[in-house]
>>> print(open('upload15.pdb').read())   # PDB, C-alpha atoms
ATOM      1  CA  MET A   1      -6.233  10.075   9.047  1.00  0.00           C
ATOM      2  CA  PHE A   2      -5.538   7.428   6.446  1.00  0.00           C
ATOM      3  CA  ILE A   3      -2.000   6.904   5.130  1.00  0.00           C
ATOM      4  CA  ALA A   4      -1.462   5.170   1.809  1.00  0.00           C
ATOM      5  CA  ILE A   5       2.007   3.782   1.139  1.00  0.00           C
ATOM      6  CA  SER A   6       2.852   2.996  -2.462  1.00  0.00           C
ATOM      7  CA  GLY A   7       6.043   2.070  -4.186  1.00  0.00           C
ATOM      8  CA  LEU A   8       7.889  -0.354  -6.343  1.00  0.00           C
ATOM      9  CA  SER A   9       8.152  -4.046  -5.549  1.00  0.00           C
ATOM     10  CA  GLY A  10      11.018  -4.397  -3.108  1.00  0.00           C
ATOM     11  CA  SER A  11      10.917  -0.777  -1.937  1.00  0.00           C
ATOM     12  CA  GLY A  12      10.161  -1.885   1.623  1.00  0.00           C
ATOM     13  CA  LYS A  13       6.492  -0.992   1.983  1.00  0.00           C
ATOM     14  CA  ASN A  14       5.604  -3.799   4.399  1.00  0.00           C
ATOM     15  CA  THR A  15       8.752  -3.302   6.481  1.00  0.00           C
ATOM     16  CA  VAL A  16       8.034   0.429   6.774  1.00  0.00           C
ATOM     17  CA  ILE A  17       4.392  -0.205   7.687  1.00  0.00           C
ATOM     18  CA  LYS A  18       5.375  -2.714  10.367  1.00  0.00           C
ATOM     19  CA  ARG A  19       7.956  -0.436  11.944  1.00  0.00           C
ATOM     20  CA  LEU A  20       5.780   2.698  11.775  1.00  0.00           C
ATOM     21  CA  SER A  21       2.893   0.889  13.469  1.00  0.00           C
ATOM     22  CA  GLN A  22       5.319  -0.067  16.275  1.00  0.00           C
ATOM     23  CA  MET A  23       6.590   3.519  16.584  1.00  0.00           C
ATOM     24  CA  ARG A  24       3.197   5.224  16.605  1.00  0.00           C
ATOM     25  CA  PRO A  25       0.691   3.768  19.120  1.00  0.00           C
ATOM     26  CA  ASN A  26      -2.368   5.242  17.391  1.00  0.00           C
ATOM     27  CA  LEU A  27      -1.370   3.942  13.945  1.00  0.00           C
ATOM     28  CA  LYS A  28      -3.226   0.790  12.944  1.00  0.00           C
ATOM     29  CA  VAL A  29      -2.693  -1.377   9.878  1.00  0.00           C
ATOM     30  CA  LEU A  30      -5.970  -1.549   7.980  1.00  0.00           C
ATOM     31  CA  THR A  31      -6.769  -5.278   7.955  1.00  0.00           C
ATOM     32  CA  HIS A  32      -8.924  -7.280   5.530  1.00  0.00           C
ATOM     33  CA  SER A  33      -9.167  -4.280   3.243  1.00  0.00           C
ATOM     34  CA  THR A  34      -7.949  -5.683  -0.067  1.00  0.00           C
ATOM     35  CA  CYS A  35      -9.341  -8.563  -2.073  1.00  0.00           C
ATOM     36  CA  THR A  36      -6.994 -10.414  -4.387  1.00  0.00           C
ATOM     37  CA  THR A  37      -6.932 -13.396  -6.681  1.00  0.00           C
ATOM     38  CA  ARG A  38      -3.212 -14.032  -6.139  1.00  0.00           C
ATOM     39  CA  PRO A  39      -2.048 -16.917  -3.960  1.00  0.00           C
ATOM     40  CA  PRO A  40      -1.062 -16.067  -0.375  1.00  0.00           C
ATOM     41  CA  ARG A  41       2.562 -15.320   0.517  1.00  0.00           C
ATOM     42  CA  GLU A  42       4.075 -16.363   3.807  1.00  0.00           C
ATOM     43  CA  SER A  43       4.468 -12.696   4.808  1.00  0.00           C
ATOM     44  CA  ASP A  44       0.765 -11.915   4.160  1.00  0.00           C
ATOM     45  CA  GLY A  45      -0.341 -13.369   7.493  1.00  0.00           C
ATOM     46  CA  GLU A  46       1.443 -10.672   9.448  1.00  0.00           C
ATOM     47  CA  PHE A  47      -0.859  -7.796   8.496  1.00  0.00           C
ATOM     48  CA  GLN A  48      -3.947  -9.744   7.434  1.00  0.00           C
ATOM     49  CA  THR A  49      -4.766  -7.143   4.811  1.00  0.00           C
ATOM     50  CA  TYR A  50      -5.875  -9.580   2.111  1.00  0.00           C
ATOM     51  CA  VAL A  51      -9.104 -11.423   1.470  1.00  0.00           C
ATOM     52  CA  TYR A  52      -8.330 -14.179  -1.040  1.00  0.00           C
ATOM     53  CA  MET A  53     -10.888 -14.817  -3.753  1.00  0.00           C
ATOM     54  CA  THR A  54     -11.361 -16.761  -6.932  1.00  0.00           C
ATOM     55  CA  GLU A  55     -11.428 -14.722 -10.117  1.00  0.00           C
ATOM     56  CA  GLU A  56     -15.135 -15.534 -10.453  1.00  0.00           C
ATOM     57  CA  ASP A  57     -15.912 -14.166  -6.969  1.00  0.00           C
ATOM     58  CA  PHE A  58     -13.779 -11.095  -7.633  1.00  0.00           C
ATOM     59  CA  ARG A  59     -15.673 -10.323 -10.843  1.00  0.00           C
ATOM     60  CA  LYS A  60     -18.935 -10.705  -8.911  1.00  0.00           C
ATOM     61  CA  GLY A  61     -17.609  -8.165  -6.372  1.00  0.00           C
ATOM     62  CA  ILE A  62     -16.955  -5.733  -9.221  1.00  0.00           C
ATOM     63  CA  GLU A  63     -20.511  -6.197 -10.533  1.00  0.00           C
ATOM     64  CA  GLU A  64     -21.945  -5.663  -7.047  1.00  0.00           C
ATOM     65  CA  ASN A  65     -19.872  -2.477  -6.517  1.00  0.00           C
ATOM     66  CA  HIS A  66     -17.979  -3.753  -3.437  1.00  0.00           C
ATOM     67  CA  PHE A  67     -14.719  -2.008  -4.379  1.00  0.00           C
ATOM     68  CA  ILE A  68     -13.563   1.594  -4.205  1.00  0.00           C
ATOM     69  CA  GLU A  69     -11.116   0.671  -6.930  1.00  0.00           C
ATOM     70  CA  HIS A  70      -9.742  -2.453  -8.551  1.00  0.00           C
ATOM     71  CA  GLU A  71      -6.985  -3.371 -10.981  1.00  0.00           C
ATOM     72  CA  ASN A  72      -5.121  -6.259 -12.536  1.00  0.00           C
ATOM     73  CA  VAL A  73      -1.489  -6.102 -11.368  1.00  0.00           C
ATOM     74  CA  HIS A  74       1.120  -8.706 -12.326  1.00  0.00           C
ATOM     75  CA  GLY A  75      -1.646 -11.005 -13.613  1.00  0.00           C
ATOM     76  CA  TYR A  76      -3.798 -10.922 -10.461  1.00  0.00           C
ATOM     77  CA  TYR A  77      -6.804  -8.827  -9.491  1.00  0.00           C
ATOM     78  CA  TYR A  78      -6.650  -6.517  -6.486  1.00  0.00           C
ATOM     79  CA  GLY A  79      -9.525  -4.435  -5.141  1.00  0.00           C
ATOM     80  CA  THR A  80      -9.994  -2.125  -2.166  1.00  0.00           C
ATOM     81  CA  LEU A  81     -13.143  -2.891  -0.183  1.00  0.00           C
ATOM     82  CA  LYS A  82     -15.535  -0.035   0.568  1.00  0.00           C
ATOM     83  CA  SER A  83     -16.619  -1.737   3.789  1.00  0.00           C
ATOM     84  CA  ALA A  84     -13.072  -1.660   5.237  1.00  0.00           C
ATOM     85  CA  PHE A  85     -12.970   2.133   5.072  1.00  0.00           C
ATOM     86  CA  GLU A  86     -16.096   2.638   7.164  1.00  0.00           C
ATOM     87  CA  LYS A  87     -14.016   2.246  10.348  1.00  0.00           C
ATOM     88  CA  VAL A  88     -11.312   4.592   8.998  1.00  0.00           C
ATOM     89  CA  ILE A  89     -13.917   7.284   8.417  1.00  0.00           C
ATOM     90  CA  GLU A  90     -15.635   6.767  11.792  1.00  0.00           C
ATOM     91  CA  ASP A  91     -12.528   6.349  14.029  1.00  0.00           C
ATOM     92  CA  SER A  92     -11.193   9.774  15.056  1.00  0.00           C
ATOM     93  CA  GLU A  93      -8.901   8.302  17.747  1.00  0.00           C
ATOM     94  CA  ASN A  94      -6.616   6.322  15.424  1.00  0.00           C
ATOM     95  CA  ASP A  95      -4.807   6.675  12.130  1.00  0.00           C
ATOM     96  CA  TYR A  96      -4.751   3.821   9.613  1.00  0.00           C
ATOM     97  CA  ILE A  97      -2.107   2.758   7.126  1.00  0.00           C
ATOM     98  CA  LYS A  98      -2.168   0.460   4.111  1.00  0.00           C
ATOM     99  CA  ASP A  99       0.009  -0.537   1.163  1.00  0.00           C
ATOM    100  CA  ILE A 100      -1.818   0.363  -2.040  1.00  0.00           C
ATOM    101  CA  ASP A 101      -0.708   0.602  -5.669  1.00  0.00           C
ATOM    102  CA  VAL A 102      -0.284   3.959  -7.396  1.00  0.00           C
ATOM    103  CA  LYS A 103      -3.561   3.992  -9.312  1.00  0.00           C
ATOM    104  CA  GLY A 104      -5.444   2.743  -6.281  1.00  0.00           C
ATOM    105  CA  ALA A 105      -4.048   5.557  -4.130  1.00  0.00           C
ATOM    106  CA  ILE A 106      -5.337   8.173  -6.567  1.00  0.00           C
ATOM    107  CA  ASN A 107      -8.803   6.584  -6.654  1.00  0.00           C
ATOM    108  CA  LEU A 108      -8.850   6.217  -2.882  1.00  0.00           C
ATOM    109  CA  LYS A 109      -7.901   9.870  -2.408  1.00  0.00           C
ATOM    110  CA  LYS A 110     -10.915  10.868  -4.510  1.00  0.00           C
ATOM    111  CA  TYR A 111     -13.173   8.508  -2.555  1.00  0.00           C
ATOM    112  CA  LEU A 112     -12.003   9.744   0.876  1.00  0.00           C
ATOM    113  CA  GLU A 113     -11.672  13.419  -0.099  1.00  0.00           C
ATOM    114  CA  LYS A 114     -14.592  14.777   1.931  1.00  0.00           C
ATOM    115  CA  LYS A 115     -14.817  11.848   4.351  1.00  0.00           C
ATOM    116  CA  THR A 116     -11.459  11.860   6.181  1.00  0.00           C
ATOM    117  CA  LYS A 117      -7.922  13.236   5.994  1.00  0.00           C
ATOM    118  CA  MET A 118      -5.549  11.216   3.779  1.00  0.00           C
ATOM    119  CA  LYS A 119      -1.807  11.416   3.155  1.00  0.00           C
ATOM    120  CA  THR A 120       0.175   9.523   0.536  1.00  0.00           C
ATOM    121  CA  ILE A 121       3.770   8.292   0.703  1.00  0.00           C
ATOM    122  CA  PHE A 122       5.739   6.851  -2.201  1.00  0.00           C
ATOM    123  CA  LEU A 123       8.764   4.620  -1.565  1.00  0.00           C
ATOM    124  CA  ASP A 124      11.410   4.151  -4.211  1.00  0.00           C
ATOM    125  CA  ALA A 125      14.934   2.720  -4.407  1.00  0.00           C
ATOM    126  CA  PRO A 126      17.504   2.182  -7.153  1.00  0.00           C
ATOM    127  CA  ASP A 127      16.681  -0.784  -9.412  1.00  0.00           C
ATOM    128  CA  LYS A 128      19.782  -2.683  -8.279  1.00  0.00           C
ATOM    129  CA  ILE A 129      18.622  -2.543  -4.639  1.00  0.00           C
ATOM    130  CA  LEU A 130      15.059  -3.493  -5.612  1.00  0.00           C
ATOM    131  CA  GLU A 131      16.345  -6.506  -7.518  1.00  0.00           C
ATOM    132  CA  GLU A 132      18.497  -7.619  -4.551  1.00  0.00           C
ATOM    133  CA  ARG A 133      15.537  -7.354  -2.183  1.00  0.00           C
ATOM    134  CA  LEU A 134      13.283  -9.338  -4.523  1.00  0.00           C
ATOM    135  CA  ARG A 135      15.917 -12.086  -4.764  1.00  0.00           C
ATOM    136  CA  LEU A 136      16.190 -12.215  -0.972  1.00  0.00           C
ATOM    137  CA  ARG A 137      12.426 -12.543  -0.847  1.00  0.00           C
ATOM    138  CA  GLY A 138      12.704 -15.662  -3.002  1.00  0.00           C
ATOM    139  CA  GLU A 139      11.036 -14.326  -6.150  1.00  0.00           C
ATOM    140  CA  SER A 140      11.654 -16.244  -9.386  1.00  0.00           C
ATOM    141  CA  GLU A 141      13.646 -14.600 -12.200  1.00  0.00           C
ATOM    142  CA  GLU A 142      10.443 -14.222 -14.213  1.00  0.00           C
ATOM    143  CA  ARG A 143       8.586 -12.519 -11.325  1.00  0.00           C
ATOM    144  CA  ILE A 144      11.574 -10.239 -10.675  1.00  0.00           C
ATOM    145  CA  LYS A 145      11.573  -9.071 -14.309  1.00  0.00           C
ATOM    146  CA  THR A 146       7.801  -8.572 -14.249  1.00  0.00           C
ATOM    147  CA  ARG A 147       7.919  -6.572 -11.011  1.00  0.00           C
ATOM    148  CA  LEU A 148      10.867  -4.418 -12.087  1.00  0.00           C
ATOM    149  CA  SER A 149       9.293  -3.677 -15.485  1.00  0.00           C
ATOM    150  CA  ARG A 150       6.278  -2.109 -13.734  1.00  0.00           C
ATOM    151  CA  GLY A 151       8.608   0.276 -11.889  1.00  0.00           C
ATOM    152  CA  GLU A 152       8.756   2.763 -14.759  1.00  0.00           C
ATOM    153  CA  LEU A 153       4.959   3.065 -14.791  1.00  0.00           C
ATOM    154  CA  GLU A 154       4.771   3.439 -11.007  1.00  0.00           C
ATOM    155  CA  ARG A 155       7.500   6.108 -10.920  1.00  0.00           C
ATOM    156  CA  GLN A 156       5.405   8.229 -13.295  1.00  0.00           C
ATOM    157  CA  TYR A 157       2.929   8.726 -10.428  1.00  0.00           C
ATOM    158  CA  LYS A 158       5.453   9.973  -7.829  1.00  0.00           C
ATOM    159  CA  ASN A 159       4.476  13.619  -8.296  1.00  0.00           C
ATOM    160  CA  ASN A 160       0.947  12.817  -7.075  1.00  0.00           C
ATOM    161  CA  TYR A 161       2.245  11.898  -3.591  1.00  0.00           C
ATOM    162  CA  ASP A 162       2.552  14.064  -0.497  1.00  0.00           C
ATOM    163  CA  LEU A 163       5.945  12.554   0.377  1.00  0.00           C
ATOM    164  CA  VAL A 164       8.446  10.699  -1.827  1.00  0.00           C
ATOM    165  CA  ILE A 165      11.353   8.864  -0.223  1.00  0.00           C
ATOM    166  CA  GLU A 166      14.178   6.798  -1.640  1.00  0.00           C
ATOM    167  CA  ASN A 167      14.262   3.948   0.863  1.00  0.00           C
ATOM    168  CA  ILE A 168      17.899   2.887   0.978  1.00  0.00           C
ATOM    169  CA  ASP A 169      18.469   3.274   4.726  1.00  0.00           C
ATOM    170  CA  LEU A 170      15.443   2.059   6.708  1.00  0.00           C
ATOM    171  CA  GLU A 171      16.138   4.168   9.812  1.00  0.00           C
ATOM    172  CA  LEU A 172      16.468   7.383   7.783  1.00  0.00           C
ATOM    173  CA  THR A 173      13.279   6.504   5.914  1.00  0.00           C
ATOM    174  CA  LEU A 174      11.364   5.853   9.149  1.00  0.00           C
ATOM    175  CA  ASN A 175      12.602   9.094  10.725  1.00  0.00           C
ATOM    176  CA  ALA A 176      11.575  11.122   7.655  1.00  0.00           C
ATOM    177  CA  ILE A 177       8.103   9.557   7.527  1.00  0.00           C
ATOM    178  CA  ASN A 178       7.607   9.904  11.278  1.00  0.00           C
ATOM    179  CA  GLU A 179       8.540  13.597  11.136  1.00  0.00           C
ATOM    180  CA  PHE A 180       6.216  14.099   8.167  1.00  0.00           C
ATOM    181  CA  LEU A 181       3.338  12.479  10.073  1.00  0.00           C
ATOM    182  CA  ASN A 182       4.113  14.532  13.197  1.00  0.00           C
ATOM    183  CA  MET A 183       3.787  17.665  11.073  1.00  0.00           C
ATOM    184  CA  GLN A 184       0.431  16.415   9.745  1.00  0.00           C
ATOM    185  CA  ASP A 185      -0.768  15.841  13.304  1.00  0.00           C
ATOM    186  CA  ARG A 186       0.075  19.449  14.196  1.00  0.00           C
ATOM    187  CA  ASN A 187      -1.818  20.874  11.208  1.00  0.00           C
TER
END
>>> encode(input="upload15.pdb", output="structure tokens")
Amino acid sequence: MFIAISGLSGSGKNTVIKRLSQMRPNLKVLTHSTCTTRPPRESDGEFQTYVYMTEEDFRKGIEENHFIEHENVHGYYYGTLKSAFEKVIEDSENDYIKDIDVKGAINLKKYLEKKTKMKTIFLDAPDKILEERLRLRGESEERIKTRLSRGELERQYKNNYDLVIENIDLELTLNAINEFLNMQDRN
């Protein structure tokens, strides 16, 4: 099974992914699965999900059909690599999880529809909490405004998700997601 986690900037996607992968031994973070033109963040090294590219190389990847989906988000290109999902489709022993934006999750669901089971989770939080988390992360005022302004667009996609959670209390969020995934395992 593949699990896509989407949500607003500051909603806790990476924290939830990290903790869930510690709680569930057969849950693996899908590494080197997203190409991006944005500069690396210090926290990116933990999951190793990104392949950093120049804009020129990214555009070449689009032309050569390397991506399941791609989009420009906050001024940078992001694209999900087809090659990364070969192991997800072939590996029946493990589940995989990845942070993916709302439009990407919809495209990925279409791509994986007949290939493997997929579940989607959307994390949200009140804007005030999101802003606090972004400040703690060291984002500039300009980046905070840009990230928060996209929230309205992203929230419009919540109804497309299998599970929507307001992530205010991390432990409650983790318990709800874990129970949801346990139910999926039983079905």
>>> residues_near_point(input="upload15.pdb", point="(-8.3, 6.5, 12.0)", cutoff="10 Å", atoms="only C-alpha atoms", output="PyMOL selection string")
chain A and resi 1-3+26-30+85-97+116-118
>>> residues_around(input="upload15.pdb", residues="A:Leu130", least_positions_apart="6", cutoff="8 Å", atoms="all atoms listed in the file", output="list in words")
Leu8, Ser9, Gly10, Ser11 and Leu148 of chain A
>>> write_last_selection(input="upload15.pdb", atoms="C-alpha atoms", output="compact mmCIF listing (two decimals), in the frame of the given file")
# COMPACT_ATOMS: atom_id res chain seq x y z
CA LEU A 8 7.89 -0.35 -6.34
CA SER A 9 8.15 -4.05 -5.55
CA GLY A 10 11.02 -4.40 -3.11
CA SER A 11 10.92 -0.78 -1.94
CA LEU A 148 10.87 -4.42 -12.09
>>> closest_residue(input="upload15.pdb", among="A:Asn187, A:Asn72, A:Gln22, A:Thr31", to="A:Thr49", atoms="all atoms listed in the file")
A:Thr31
>>> resolve_selection(input="upload15.pdb", expression="the PyMOL selection byres ((chain A and resi 101-105) around 12)", output="JSON, numbers by chain")
{"A": [2, 3, 4, 5, 6, 7, 8, 9, 13, 34, 67, 68, 69, 70, 71, 72, 73, 74, 77, 78, 79, 80, 81, 97, 98, 99, 100, 106, 107, 108, 109, 110, 111, 112, 113, 118, 119, 120, 121, 122, 123, 150, 151, 152, 153, 154, 155, 156, 157, 158, 159, 160, 161, 162]}
>>> closest_residue(input="upload15.pdb", among="A:Arg38, A:Lys60, A:His32, A:Lys145", to="A:Glu131", atoms="all atoms listed in the file")
A:Lys145
>>> resolve_selection(input="upload15.pdb", expression="the PyMOL selection byres ((chain A and resi 165) around 9)", output="mmCIF file with C-alpha atoms, in the coordinates of the input")
data_model
loop_
_atom_site.group_PDB
_atom_site.id
_atom_site.type_symbol
_atom_site.label_atom_id
_atom_site.label_comp_id
_atom_site.auth_asym_id
_atom_site.auth_seq_id
_atom_site.Cartn_x
_atom_site.Cartn_y
_atom_site.Cartn_z
ATOM 1 C CA ILE A 121 3.770 8.292 0.703
ATOM 2 C CA PHE A 122 5.739 6.851 -2.201
ATOM 3 C CA LEU A 123 8.764 4.620 -1.565
ATOM 4 C CA ASP A 124 11.410 4.151 -4.211
ATOM 5 C CA ALA A 125 14.934 2.720 -4.407
ATOM 6 C CA LEU A 163 5.945 12.554 0.377
ATOM 7 C CA VAL A 164 8.446 10.699 -1.827
ATOM 8 C CA GLU A 166 14.178 6.798 -1.640
ATOM 9 C CA ASN A 167 14.262 3.948 0.863
ATOM 10 C CA ILE A 168 17.899 2.887 0.978
ATOM 11 C CA THR A 173 13.279 6.504 5.914
ATOM 12 C CA ALA A 176 11.575 11.122 7.655
ATOM 13 C CA ILE A 177 8.103 9.557 7.527
#
>>> atom_distance(input="upload15.pdb", atom1="atom CA of A:Asn178", atom2="atom CA of A:Met23")
8.4 Å
>>> closest_residue(input="upload15.pdb", among="A:Thr37, A:Ser140, A:Thr146, A:Asn14", to="A:Tyr50", atoms="all atoms listed in the file")
A:Thr37
>>> decode(input="upload15.pdb", residues="stretch 62-73 of chain A", atoms="C-alpha atoms", output="PDB file, in the first residue's frame")
ATOM      1  CA  ILE A  62       9.250  16.660 -18.315  1.00  0.00           C
ATOM      2  CA  GLU A  63      10.038  16.301 -22.035  1.00  0.00           C
ATOM      3  CA  GLU A  64      11.344  12.767 -21.492  1.00  0.00           C
ATOM      4  CA  ASN A  65       8.229  11.760 -19.488  1.00  0.00           C
ATOM      5  CA  HIS A  66      10.109  10.873 -16.268  1.00  0.00           C
ATOM      6  CA  PHE A  67       7.362  12.198 -13.974  1.00  0.00           C
ATOM      7  CA  ILE A  68       3.972  10.857 -12.947  1.00  0.00           C
ATOM      8  CA  GLU A  69       3.057  14.448 -12.224  1.00  0.00           C
ATOM      9  CA  HIS A  70       4.794  17.780 -11.825  1.00  0.00           C
ATOM     10  CA  GLU A  71       3.913  21.284 -10.686  1.00  0.00           C
ATOM     11  CA  ASN A  72       5.345  24.669  -9.835  1.00  0.00           C
ATOM     12  CA  VAL A  73       4.749  25.317  -6.120  1.00  0.00           C
TER      13      VAL A  73
END
